[in-house]
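Dropping target-v3.pdb in here (PDB, C-alpha atoms and all ligand atoms):
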ATOM      1  CA  MET A 787       2.112   3.895  17.346  1.00  0.00           C
ATOM      2  CA  GLY A 788       4.151   1.951  14.804  1.00  0.00           C
ATOM      3  CA  CYS A 789       7.584   3.064  13.737  1.00  0.00           C
ATOM      4  CA  ASN A 790       6.638   2.914  10.032  1.00  0.00           C
ATOM      5  CA  GLY A 791      10.256   2.381   9.057  1.00  0.00           C
ATOM      6  CA  SER A 792      11.209   5.991   9.584  1.00  0.00           C
ATOM      7  CA  LYS A 793      14.853   6.990   9.766  1.00  0.00           C
ATOM      8  CA  THR A 794      14.541   7.976  13.379  1.00  0.00           C
ATOM      9  CA  CYS A 795      12.943   4.767  14.604  1.00  0.00           C
ATOM     10  CA  GLU A 796      15.036   3.184  17.344  1.00  0.00           C
ATOM     11  CA  THR A 797      13.319  -0.156  16.923  1.00  0.00           C
ATOM     12  CA  THR A 798      14.600  -0.612  13.377  1.00  0.00           C
ATOM     13  CA  LYS A 799      18.121  -1.072  14.747  1.00  0.00           C
ATOM     14  CA  ASN A 800      17.326  -4.645  15.637  1.00  0.00           C
ATOM     15  CA  SER A 801      14.875  -7.254  14.466  1.00  0.00           C
ATOM     16  CA  THR A 802      12.790  -7.350  17.620  1.00  0.00           C
ATOM     17  CA  CYS A 803      10.549  -4.360  17.087  1.00  0.00           C
ATOM     18  CA  ASN A 804       7.530  -5.040  19.255  1.00  0.00           C
ATOM     19  CA  CYS A 805       5.424  -1.973  18.595  1.00  0.00           C
ATOM     20  CA  GLY A 806       2.408  -4.068  17.610  1.00  0.00           C
ATOM     21  CA  SER A 807       1.264  -1.797  14.823  1.00  0.00           C
ATOM     22  CA  ASP A 808       0.096  -3.644  11.733  1.00  0.00           C
ATOM     23  CA  LYS A 809       1.489  -0.720   9.746  1.00  0.00           C
ATOM     24  CA  CYS A 810       5.042  -1.299  10.947  1.00  0.00           C
ATOM     25  CA  PRO A 811       7.141  -3.291   8.476  1.00  0.00           C
ATOM     26  CA  HIS A 812       9.636  -4.199  11.247  1.00  0.00           C
ATOM     27  CA  CYS A 813       7.353  -5.431  13.990  1.00  0.00           C
ATOM     28  CA  LYS A 814       7.843  -9.103  14.885  1.00  0.00           C
ATOM     29  CA  HIS A 815       4.080  -9.562  14.945  1.00  0.00           C
ATOM     30  CA  ASN A 816       4.077  -8.937  11.211  1.00  0.00           C
ATOM     31  CA  LYS A 817       6.746 -11.440  10.362  1.00  0.00           C
ATOM     32  CA  ASP A 818       4.488 -13.563   8.155  1.00  0.00           C
ATOM     33  CA  LYS A 819       3.131 -10.584   6.296  1.00  0.00           C
ATOM     34  CA  ASN A 820       4.779  -9.457   3.104  1.00  0.00           C
ATOM     35  CA  ILE A 821       6.577  -6.122   3.247  1.00  0.00           C
ATOM     36  CA  VAL A 822       5.613  -4.160   0.169  1.00  0.00           C
ATOM     37  CA  LEU A 823       7.488  -1.293  -1.408  1.00  0.00           C
ATOM     38  CA  TYR A 824       5.556   0.562  -4.077  1.00  0.00           C
ATOM     39  CA  VAL A 825       7.932   1.510  -6.888  1.00  0.00           C
ATOM     40  CA  LEU A 826       7.012   4.551  -8.917  1.00  0.00           C
ATOM     41  CA  GLY A 827       8.676   6.431 -11.740  1.00  0.00           C
ATOM     42  CA  GLY A 828       7.705   7.542 -15.212  1.00  0.00           C
ATOM     43  CA  PRO A 829       8.024   5.289 -18.246  1.00  0.00           C
ATOM     44  CA  GLY A 830      11.739   5.121 -19.050  1.00  0.00           C
ATOM     45  CA  SER A 831      12.821   6.240 -15.570  1.00  0.00           C
ATOM     46  CA  GLY A 832      14.677   2.924 -15.176  1.00  0.00           C
ATOM     47  CA  LYS A 833      12.608   1.587 -12.281  1.00  0.00           C
ATOM     48  CA  GLY A 834      12.447  -1.883 -13.850  1.00  0.00           C
ATOM     49  CA  THR A 835      16.247  -2.009 -14.121  1.00  0.00           C
ATOM     50  CA  GLN A 836      16.659  -0.964 -10.491  1.00  0.00           C
ATOM     51  CA  CYS A 837      14.107  -3.537  -9.344  1.00  0.00           C
ATOM     52  CA  ALA A 838      16.022  -6.267 -11.174  1.00  0.00           C
ATOM     53  CA  LYS A 839      19.215  -5.199  -9.384  1.00  0.00           C
ATOM     54  CA  LEU A 840      17.485  -5.098  -5.997  1.00  0.00           C
ATOM     55  CA  LYS A 841      16.099  -8.567  -6.621  1.00  0.00           C
ATOM     56  CA  GLU A 842      19.540  -9.901  -7.492  1.00  0.00           C
ATOM     57  CA  LYS A 843      21.430  -8.304  -4.618  1.00  0.00           C
ATOM     58  CA  PHE A 844      18.880  -8.409  -1.800  1.00  0.00           C
ATOM     59  CA  GLY A 845      16.412 -11.144  -2.784  1.00  0.00           C
ATOM     60  CA  PHE A 846      13.351  -8.951  -3.199  1.00  0.00           C
ATOM     61  CA  ILE A 847      10.372 -10.470  -4.986  1.00  0.00           C
ATOM     62  CA  HIS A 848       9.793  -8.266  -8.029  1.00  0.00           C
ATOM     63  CA  ILE A 849       6.207  -7.855  -9.207  1.00  0.00           C
ATOM     64  CA  SER A 850       5.975  -5.595 -12.244  1.00  0.00           C
ATOM     65  CA  THR A 851       2.385  -4.583 -12.904  1.00  0.00           C
ATOM     66  CA  GLY A 852       3.240  -4.105 -16.594  1.00  0.00           C
ATOM     67  CA  ASP A 853       4.628  -7.679 -16.773  1.00  0.00           C
ATOM     68  CA  LEU A 854       1.601  -9.065 -14.912  1.00  0.00           C
ATOM     69  CA  LEU A 855      -0.683  -7.463 -17.489  1.00  0.00           C
ATOM     70  CA  ARG A 856       1.492  -8.494 -20.448  1.00  0.00           C
ATOM     71  CA  GLU A 857       1.389 -12.096 -19.183  1.00  0.00           C
ATOM     72  CA  GLU A 858      -2.376 -11.931 -18.814  1.00  0.00           C
ATOM     73  CA  GLN A 859      -2.936 -10.481 -22.300  1.00  0.00           C
ATOM     74  CA  ASN A 860      -1.382 -13.584 -23.874  1.00  0.00           C
ATOM     75  CA  LYS A 861      -4.091 -15.877 -22.517  1.00  0.00           C
ATOM     76  CA  ASP A 862      -7.011 -16.953 -24.654  1.00  0.00           C
ATOM     77  CA  THR A 863      -9.758 -15.064 -22.779  1.00  0.00           C
ATOM     78  CA  GLU A 864     -12.062 -12.076 -23.230  1.00  0.00           C
ATOM     79  CA  LEU A 865     -10.192 -10.324 -20.415  1.00  0.00           C
ATOM     80  CA  ALA A 866      -6.936 -10.789 -22.336  1.00  0.00           C
ATOM     81  CA  LYS A 867      -8.382  -8.999 -25.389  1.00  0.00           C
ATOM     82  CA  GLU A 868      -9.523  -6.117 -23.204  1.00  0.00           C
ATOM     83  CA  ILE A 869      -6.126  -5.763 -21.554  1.00  0.00           C
ATOM     84  CA  LYS A 870      -4.283  -5.985 -24.883  1.00  0.00           C
ATOM     85  CA  ALA A 871      -6.239  -3.083 -26.366  1.00  0.00           C
ATOM     86  CA  VAL A 872      -5.579  -0.840 -23.354  1.00  0.00           C
ATOM     87  CA  LEU A 873      -1.870  -1.669 -23.249  1.00  0.00           C
ATOM     88  CA  GLU A 874      -1.469  -0.852 -26.945  1.00  0.00           C
ATOM     89  CA  SER A 875      -3.041   2.553 -26.451  1.00  0.00           C
ATOM     90  CA  GLY A 876      -0.761   3.546 -23.549  1.00  0.00           C
ATOM     91  CA  ALA A 877      -3.742   4.192 -21.236  1.00  0.00           C
ATOM     92  CA  LEU A 878      -4.188   2.603 -17.784  1.00  0.00           C
ATOM     93  CA  VAL A 879      -5.892  -0.735 -17.242  1.00  0.00           C
ATOM     94  CA  SER A 880      -8.905  -0.959 -14.892  1.00  0.00           C
ATOM     95  CA  SER A 881      -7.728  -0.974 -11.277  1.00  0.00           C
ATOM     96  CA  GLU A 882     -10.058  -3.764 -10.261  1.00  0.00           C
ATOM     97  CA  ILE A 883      -8.598  -6.114 -12.868  1.00  0.00           C
ATOM     98  CA  LEU A 884      -5.031  -5.226 -11.931  1.00  0.00           C
ATOM     99  CA  VAL A 885      -5.439  -5.303  -8.152  1.00  0.00           C
ATOM    100  CA  LYS A 886      -7.046  -8.764  -8.337  1.00  0.00           C
ATOM    101  CA  LEU A 887      -4.004  -9.981 -10.272  1.00  0.00           C
ATOM    102  CA  ILE A 888      -1.688  -8.420  -7.661  1.00  0.00           C
ATOM    103  CA  ASP A 889      -3.707  -9.982  -4.847  1.00  0.00           C
ATOM    104  CA  GLU A 890      -3.434 -13.452  -6.417  1.00  0.00           C
ATOM    105  CA  LYS A 891       0.325 -12.999  -6.656  1.00  0.00           C
ATOM    106  CA  LEU A 892       0.741 -11.714  -3.084  1.00  0.00           C
ATOM    107  CA  ASN A 893      -1.340 -14.586  -1.715  1.00  0.00           C
ATOM    108  CA  THR A 894       1.323 -17.031  -2.929  1.00  0.00           C
ATOM    109  CA  LEU A 895       4.009 -15.263  -0.849  1.00  0.00           C
ATOM    110  CA  LYS A 896       4.632 -15.191   2.885  1.00  0.00           C
ATOM    111  CA  GLY A 897       6.905 -12.897   4.883  1.00  0.00           C
ATOM    112  CA  GLN A 898       8.795 -11.648   1.861  1.00  0.00           C
ATOM    113  CA  LYS A 899      10.045  -8.264   0.744  1.00  0.00           C
ATOM    114  CA  VAL A 900       8.125  -7.330  -2.356  1.00  0.00           C
ATOM    115  CA  LEU A 901       8.781  -4.611  -4.905  1.00  0.00           C
ATOM    116  CA  LEU A 902       5.512  -3.638  -6.526  1.00  0.00           C
ATOM    117  CA  ASP A 903       6.830  -1.974  -9.633  1.00  0.00           C
ATOM    118  CA  GLY A 904       4.401   0.389 -11.361  1.00  0.00           C
ATOM    119  CA  PHE A 905       1.825   0.749  -8.616  1.00  0.00           C
ATOM    120  CA  PRO A 906      -0.179   2.801  -7.684  1.00  0.00           C
ATOM    121  CA  ARG A 907      -0.427   4.993 -10.763  1.00  0.00           C
ATOM    122  CA  ASN A 908      -3.669   6.784 -10.002  1.00  0.00           C
ATOM    123  CA  GLU A 909      -6.282   7.406  -7.344  1.00  0.00           C
ATOM    124  CA  GLU A 910      -8.399   4.517  -8.606  1.00  0.00           C
ATOM    125  CA  ASN A 911      -5.453   2.126  -8.042  1.00  0.00           C
ATOM    126  CA  ILE A 912      -5.213   3.342  -4.436  1.00  0.00           C
ATOM    127  CA  ASN A 913      -8.916   2.835  -3.808  1.00  0.00           C
ATOM    128  CA  ALA A 914      -8.864  -0.687  -5.243  1.00  0.00           C
ATOM    129  CA  TRP A 915      -5.805  -1.533  -3.106  1.00  0.00           C
ATOM    130  CA  ASN A 916      -7.560  -0.190  -0.020  1.00  0.00           C
ATOM    131  CA  SER A 917     -10.628  -2.327  -0.557  1.00  0.00           C
ATOM    132  CA  ILE A 918      -8.915  -5.568  -1.652  1.00  0.00           C
ATOM    133  CA  ILE A 919      -5.396  -5.789  -0.130  1.00  0.00           C
ATOM    134  CA  LYS A 920      -4.722  -3.066   2.446  1.00  0.00           C
ATOM    135  CA  ASP A 921      -5.461  -5.080   5.580  1.00  0.00           C
ATOM    136  CA  LYS A 922      -3.268  -8.001   4.554  1.00  0.00           C
ATOM    137  CA  VAL A 923       0.097  -6.183   4.486  1.00  0.00           C
ATOM    138  CA  PRO A 924       1.878  -3.545   6.587  1.00  0.00           C
ATOM    139  CA  LYS A 925       1.643  -0.023   5.186  1.00  0.00           C
ATOM    140  CA  PRO A 926       3.944   0.224   2.127  1.00  0.00           C
ATOM    141  CA  LEU A 927       6.720   2.760   1.646  1.00  0.00           C
ATOM    142  CA  VAL A 928       7.175   4.319  -1.774  1.00  0.00           C
ATOM    143  CA  LEU A 929      10.362   4.230  -3.803  1.00  0.00           C
ATOM    144  CA  TYR A 930      10.191   6.988  -6.388  1.00  0.00           C
ATOM    145  CA  PHE A 931      12.598   7.245  -9.332  1.00  0.00           C
ATOM    146  CA  ASN A 932      12.524  10.867 -10.312  1.00  0.00           C
ATOM    147  CA  CYS A 933      13.541  11.612 -13.892  1.00  0.00           C
ATOM    148  CA  SER A 934      13.015  14.503 -16.313  1.00  0.00           C
ATOM    149  CA  GLU A 935      10.515  13.996 -19.120  1.00  0.00           C
ATOM    150  CA  GLU A 936      13.214  14.743 -21.681  1.00  0.00           C
ATOM    151  CA  THR A 937      15.448  11.920 -20.406  1.00  0.00           C
ATOM    152  CA  MET A 938      12.531   9.465 -20.204  1.00  0.00           C
ATOM    153  CA  HIS A 939      11.480  10.278 -23.755  1.00  0.00           C
ATOM    154  CA  LYS A 940      15.022   9.809 -25.062  1.00  0.00           C
ATOM    155  CA  ARG A 941      15.435   6.467 -23.279  1.00  0.00           C
ATOM    156  CA  LEU A 942      12.087   5.146 -24.505  1.00  0.00           C
ATOM    157  CA  ILE A 943      12.823   6.042 -28.111  1.00  0.00           C
ATOM    158  CA  GLY A 944      16.181   4.260 -27.745  1.00  0.00           C
ATOM    159  CA  ARG A 945      14.533   1.187 -26.205  1.00  0.00           C
ATOM    160  CA  SER A 946      11.830   1.039 -28.893  1.00  0.00           C
ATOM    161  CA  GLN A 947      14.406  -0.225 -31.428  1.00  0.00           C
ATOM    162  CA  THR A 948      14.802  -3.493 -29.546  1.00  0.00           C
ATOM    163  CA  SER A 949      12.072  -3.979 -26.903  1.00  0.00           C
ATOM    164  CA  GLY A 950       9.369  -5.473 -29.118  1.00  0.00           C
ATOM    165  CA  ARG A 951       6.747  -3.902 -26.820  1.00  0.00           C
ATOM    166  CA  SER A 952       3.537  -2.815 -28.527  1.00  0.00           C
ATOM    167  CA  ASP A 953       3.525   0.421 -26.507  1.00  0.00           C
ATOM    168  CA  ASP A 954       7.094   1.455 -27.387  1.00  0.00           C
ATOM    169  CA  ASN A 955       6.099   3.592 -30.363  1.00  0.00           C
ATOM    170  CA  GLU A 956       6.037   7.391 -30.616  1.00  0.00           C
ATOM    171  CA  GLU A 957       2.281   7.787 -30.105  1.00  0.00           C
ATOM    172  CA  ALA A 958       1.924   5.406 -27.155  1.00  0.00           C
ATOM    173  CA  ILE A 959       5.081   6.838 -25.561  1.00  0.00           C
ATOM    174  CA  ARG A 960       3.597  10.337 -25.708  1.00  0.00           C
ATOM    175  CA  GLN A 961       0.389   9.006 -24.189  1.00  0.00           C
ATOM    176  CA  ARG A 962       2.219   7.147 -21.379  1.00  0.00           C
ATOM    177  CA  LEU A 963       4.192  10.279 -20.463  1.00  0.00           C
ATOM    178  CA  LYS A 964       0.959  12.283 -20.452  1.00  0.00           C
ATOM    179  CA  VAL A 965      -0.806   9.735 -18.237  1.00  0.00           C
ATOM    180  CA  PHE A 966       2.179   9.736 -15.879  1.00  0.00           C
ATOM    181  CA  SER A 967       2.177  13.490 -15.400  1.00  0.00           C
ATOM    182  CA  ALA A 968      -1.623  13.797 -15.140  1.00  0.00           C
ATOM    183  CA  HIS A 969      -2.355  10.818 -12.883  1.00  0.00           C
ATOM    184  CA  THR A 970       0.791   9.472 -11.223  1.00  0.00           C
ATOM    185  CA  VAL A 971       2.593  12.703 -10.335  1.00  0.00           C
ATOM    186  CA  PRO A 972      -0.338  13.723  -8.054  1.00  0.00           C
ATOM    187  CA  VAL A 973      -0.050  10.308  -6.348  1.00  0.00           C
ATOM    188  CA  VAL A 974       3.683  10.929  -5.807  1.00  0.00           C
ATOM    189  CA  GLU A 975       2.925  14.376  -4.340  1.00  0.00           C
ATOM    190  CA  LYS A 976       0.390  12.856  -1.981  1.00  0.00           C
ATOM    191  CA  TYR A 977       2.918  10.317  -0.659  1.00  0.00           C
ATOM    192  CA  LYS A 978       5.545  13.032  -0.340  1.00  0.00           C
ATOM    193  CA  LYS A 979       3.214  15.016   1.912  1.00  0.00           C
ATOM    194  CA  GLU A 980       2.510  11.889   3.942  1.00  0.00           C
ATOM    195  CA  ASN A 981       6.251  11.329   4.414  1.00  0.00           C
ATOM    196  CA  MET A 982       6.122   7.928   2.752  1.00  0.00           C
ATOM    197  CA  LEU A 983       8.392   8.780  -0.178  1.00  0.00           C
ATOM    198  CA  ILE A 984      11.963   7.644  -0.740  1.00  0.00           C
ATOM    199  CA  GLU A 985      12.985   9.792  -3.688  1.00  0.00           C
ATOM    200  CA  ILE A 986      15.881   8.894  -5.973  1.00  0.00           C
ATOM    201  CA  ALA A 987      17.293  11.064  -8.745  1.00  0.00           C
ATOM    202  CA  CYS A 988      17.806   8.868 -11.792  1.00  0.00           C
ATOM    203  CA  GLU A 989      19.246  10.962 -14.591  1.00  0.00           C
ATOM    204  CA  SER A 990      22.581   9.130 -14.364  1.00  0.00           C
ATOM    205  CA  GLY A 991      23.532   5.591 -15.370  1.00  0.00           C
ATOM    206  CA  PRO A 992      22.106   2.408 -13.777  1.00  0.00           C
ATOM    207  CA  GLU A 993      25.119   1.706 -11.516  1.00  0.00           C
ATOM    208  CA  GLU A 994      25.156   5.173 -10.023  1.00  0.00           C
ATOM    209  CA  VAL A 995      21.383   5.154  -9.503  1.00  0.00           C
ATOM    210  CA  PHE A 996      21.683   1.753  -7.832  1.00  0.00           C
ATOM    211  CA  GLU A 997      24.300   3.044  -5.386  1.00  0.00           C
ATOM    212  CA  LEU A 998      21.915   5.821  -4.406  1.00  0.00           C
ATOM    213  CA  THR A 999      19.005   3.409  -4.100  1.00  0.00           C
ATOM    214  CA  GLU A1000      20.981   1.073  -1.877  1.00  0.00           C
ATOM    215  CA  LYS A1001      22.090   3.967   0.313  1.00  0.00           C
ATOM    216  CA  HIS A1002      18.512   5.181   0.815  1.00  0.00           C
ATOM    217  CA  LEU A1003      17.209   1.701   1.608  1.00  0.00           C
ATOM    218  CA  LYS A1004      20.034   1.089   4.070  1.00  0.00           C
ATOM    219  CA  GLU A1005      19.280   4.367   5.818  1.00  0.00           C
ATOM    220  CA  ARG A1006      15.734   3.120   6.351  1.00  0.00           C
ATOM    221  CA  HIS A1007      16.948  -0.345   7.428  1.00  0.00           C
ATOM    222  CA  ILE A1008      15.010  -1.969   4.603  1.00  0.00           C
ATOM    223  CA  VAL A1009      18.090  -3.814   3.331  1.00  0.00           C
TER     224      VAL A1009
HETATM  225  P1  LIG A1101       6.042   1.873 -18.289  1.00  0.00           P
HETATM  226  O1  LIG A1101       6.352   2.169 -16.850  1.00  0.00           O
HETATM  227  O2  LIG A1101       7.219   2.047 -19.183  1.00  0.00           O
HETATM  228  O3  LIG A1101       4.811   2.531 -18.815  1.00  0.00           O
HETATM  229  P2  LIG A1101       5.049  -0.766 -17.539  1.00  0.00           P
HETATM  230  O4  LIG A1101       5.506  -2.072 -18.064  1.00  0.00           O
HETATM  231  O5  LIG A1101       5.257  -0.485 -16.092  1.00  0.00           O
HETATM  232  O6  LIG A1101       5.792   0.303 -18.444  1.00  0.00           O
HETATM  233  O7  LIG A1101       3.485  -0.546 -17.864  1.00  0.00           O
HETATM  234  C1  LIG A1101       2.973  -0.786 -19.156  1.00  0.00           C
HETATM  235  C2  LIG A1101       1.469  -0.537 -19.207  1.00  0.00           C
HETATM  236  O8  LIG A1101       0.797  -1.427 -18.276  1.00  0.00           O
HETATM  237  C3  LIG A1101       0.989   0.852 -18.819  1.00  0.00           C
HETATM  238  O9  LIG A1101       1.086   1.791 -19.871  1.00  0.00           O
HETATM  239  C4  LIG A1101      -0.490   0.555 -18.441  1.00  0.00           C
HETATM  240  O10 LIG A1101      -1.289   0.361 -19.586  1.00  0.00           O
HETATM  241  C5  LIG A1101      -0.389  -0.801 -17.748  1.00  0.00           C
HETATM  242  N1  LIG A1101      -0.215  -0.621 -16.269  1.00  0.00           N
HETATM  243  C6  LIG A1101       0.917  -0.842 -15.578  1.00  0.00           C
HETATM  244  N2  LIG A1101       0.759  -0.546 -14.278  1.00  0.00           N
HETATM  245  C7  LIG A1101      -0.527  -0.117 -14.151  1.00  0.00           C
HETATM  246  C8  LIG A1101      -1.310   0.339 -13.055  1.00  0.00           C
HETATM  247  N3  LIG A1101      -0.799   0.453 -11.823  1.00  0.00           N
HETATM  248  N4  LIG A1101      -2.606   0.686 -13.283  1.00  0.00           N
HETATM  249  C9  LIG A1101      -3.145   0.576 -14.504  1.00  0.00           C
HETATM  250  N5  LIG A1101      -2.460   0.169 -15.595  1.00  0.00           N
HETATM  251  C10 LIG A1101      -1.163  -0.185 -15.424  1.00  0.00           C
END
Transcribe the structure of this file into structure tokens.
Amino acid sequence: MGCNGSKTCETTKNSTCNCGSDKCPHCKHNKDKNIVLYVLGGPGSGKGTQCAKLKEKFGFIHISTGDLLREEQNKDTELAKEIKAVLESGALVSSEILVKLIDEKLNTLKGQKVLLDGFPRNEENINAWNSIIKDKVPKPLVLYFNCSEETMHKRLIGRSQTSGRSDDNEEAIRQRLKVFSAHTVPVVEKYKKENMLIEIACESGPEEVFELTEKHLKERHIV
């Protein structure tokens, strides 16, 4: 059995974990495989800000699914048009399209700690991951930024003045919050039951939330 990065794992106290499980992010046999942390949180929860801080302080590779899709929509292709329309509406993009983009990105990395920000947001995302990427990386842990809907709404309205994002308008914001509670909250619940969740309260300011995040990751020997 792999240690799976749990708090109680003795092997995580040094870098020579030898459990042999491909699900263990610490095992020396997995040293060339990327360690992936899924990062979840509603729109406006501040997960992007925390990922940027983690990247700066601990050298994580930060892959934001929203940024991946925004990059892709600027290309001159049919796929770009399709993605653009979905992003503007605040709905979710097809999992197959997104997971292929993630796979391409992960294939360029080796043995790195990766924050996958904004994934998985629904059951379809999970299924696409399982069929395309699952066997290439140790089992991810999930960093969840838990925030009230009221706070997220307030932050998004504030950000809409300056972000220039096509989905930072009242209608798309409402839709994104709705999609989050209908599709992503059940995913969060599932990971909670499976003991894969690192949950962080994020009502307070970015510095305070970062302190908490760092503390939780240190407890799990991830940083
Ligand atoms: P936010 O978290 O504020 O909604 P993001 O930049 O993370 O902002 O995502 C913007 C949009 O990108 C989403 O509304 C959705 O259309 C698309 N998107 C991001 N992640 C996913 C995903 N995992 N599955 C499907 N669509 C996604």
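Separating atom CA of Arg945 of chain A from atom CA of His969 of chain A is a distance of 23.6 Å.
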For the interface of chain A with ligand LIG 1101 (chain A) (cut-off 6 Å, counting only C-alpha atoms and all ligand atoms), please tabulate each contacting residue of chain A alongside its nearest pair of atoms and their separation in Å to one decimal, rows sorted by chain and increasing number, as a Markdown table.
| residue | atom | partner | partner_atom | distance |
| --- | --- | --- | --- | --- |
| A:Gly828 | CA | A:LIG1101 | O1 | 5.8 |
| A:Pro829 | CA | A:LIG1101 | O2 | 3.5 |
| A:Gly830 | CA | A:LIG1101 | O2 | 5.5 |
| A:Thr851 | CA | A:LIG1101 | N2 | 4.6 |
| A:Gly852 | CA | A:LIG1101 | O4 | 3.4 |
| A:Asp853 | CA | A:LIG1101 | O4 | 5.8 |
| A:Val872 | CA | A:LIG1101 | O10 | 5.8 |
| A:Leu873 | CA | A:LIG1101 | O10 | 4.2 |
| A:Gly876 | CA | A:LIG1101 | O9 | 4.5 |
| A:Ala877 | CA | A:LIG1101 | O10 | 4.8 |
| A:Leu878 | CA | A:LIG1101 | N5 | 3.7 |
| A:Val879 | CA | A:LIG1101 | N5 | 3.9 |
| A:Ser880 | CA | A:LIG1101 | C9 | 6.0 |
| A:Ser881 | CA | A:LIG1101 | N4 | 5.7 |
| A:Gly904 | CA | A:LIG1101 | N2 | 4.8 |
| A:Phe905 | CA | A:LIG1101 | N3 | 4.2 |
| A:Pro906 | CA | A:LIG1101 | N3 | 4.8 |
| A:Arg907 | CA | A:LIG1101 | N3 | 4.7 |
| A:Arg962 | CA | A:LIG1101 | O9 | 5.7 |
Measuring atom to atom with only C-alpha atoms, identify which of A:Ile883, A:Leu902, A:Leu826, A:Val995 is nearest to His848 of chain A.
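Closest to His848 of chain A, using only C-alpha atoms: A:Leu902.
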Have a look at atom CA of Asp903 of chain A and atom CA of Thr863 of chain A and let me know their distance in Å, one decimal.
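Between atom CA of Asp903 of chain A and atom CA of Thr863 of chain A the gap is 24.9 Å.
Here the PyMOL selection byres (((chain A and resi 918) around 10) and not hetatm) matches the residues A:Glu882, A:Val885, A:Lys886, A:Ile888, A:Asp889, A:Asn913, A:Ala914, A:Trp915, A:Asn916, A:Ser917, A:Ile919, A:Lys920, A:Asp921, A:Lys922.
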Please write the residues from the selection above to a file, keeping C-alpha atoms, as a PDB file, keeping the file's coordinate frame.
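Below is the file that was written, again_3.pdb:
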ATOM      1  CA  GLU A 882     -10.058  -3.764 -10.261  1.00  0.00           C
ATOM      2  CA  VAL A 885      -5.439  -5.303  -8.152  1.00  0.00           C
ATOM      3  CA  LYS A 886      -7.046  -8.764  -8.337  1.00  0.00           C
ATOM      4  CA  ILE A 888      -1.688  -8.420  -7.661  1.00  0.00           C
ATOM      5  CA  ASP A 889      -3.707  -9.982  -4.847  1.00  0.00           C
ATOM      6  CA  ASN A 913      -8.916   2.835  -3.808  1.00  0.00           C
ATOM      7  CA  ALA A 914      -8.864  -0.687  -5.243  1.00  0.00           C
ATOM      8  CA  TRP A 915      -5.805  -1.533  -3.106  1.00  0.00           C
ATOM      9  CA  ASN A 916      -7.560  -0.190  -0.020  1.00  0.00           C
ATOM     10  CA  SER A 917     -10.628  -2.327  -0.557  1.00  0.00           C
ATOM     11  CA  ILE A 919      -5.396  -5.789  -0.130  1.00  0.00           C
ATOM     12  CA  LYS A 920      -4.722  -3.066   2.446  1.00  0.00           C
ATOM     13  CA  ASP A 921      -5.461  -5.080   5.580  1.00  0.00           C
ATOM     14  CA  LYS A 922      -3.268  -8.001   4.554  1.00  0.00           C
TER      15      LYS A 922
END
Residues selected by the PyMOL selection byres (((chain A and resi 933) around 9) and not hetatm), written as a PyMOL selection string
chain A and resi 827-828+830-832+931-932+934-938+986-989
Could you check which of A:Arg856, A:Arg960, A:Tyr930, A:Gly897 is closest to Leu942 of chain A, using only C-alpha atoms?
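Selected residue with least distance to Leu942 of chain A: A:Arg960.
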Excluding segment 835-847 of chain A and its own-chain neighbours fewer than 6 positions away, which residues fall within 8 Å of it when counting all atoms listed in the file? Please give them as a PyMOL selection string.
chain A and resi 898-901+903+992+995-996+1009
Could you jot down the atom CA of Glu1000 of chain A to atom CA of Tyr824 of chain A separation for me, Å, one decimal place?
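Interatomic distance here is 15.6 Å.
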List as a list in words: which residues have an atom within 12 Å of (4.6, -13.0, 4.7), counting all atoms listed in the file?
Pro811, Lys814, His815, Asn816, Lys817, Asp818, Lys819, Asn820, Ile821, Val822, Ile847, Leu892, Asn893, Thr894, Leu895, Lys896, Gly897, Gln898, Lys899, Val900, Lys922, Val923 and Pro924 of chain A
Picked residues, the PyMOL selection byres (((chain A and resi 977) around 12) and not hetatm), as a ChimeraX atom specification
/A:824-826,906-909,912,925-930,970-976,978-985
Using all atoms listed in the file for the distances, tell me which of A:Lys833, A:Ile849, A:Leu963, A:Thr948 is nearest to Glu890 of chain A.
A:Ile849
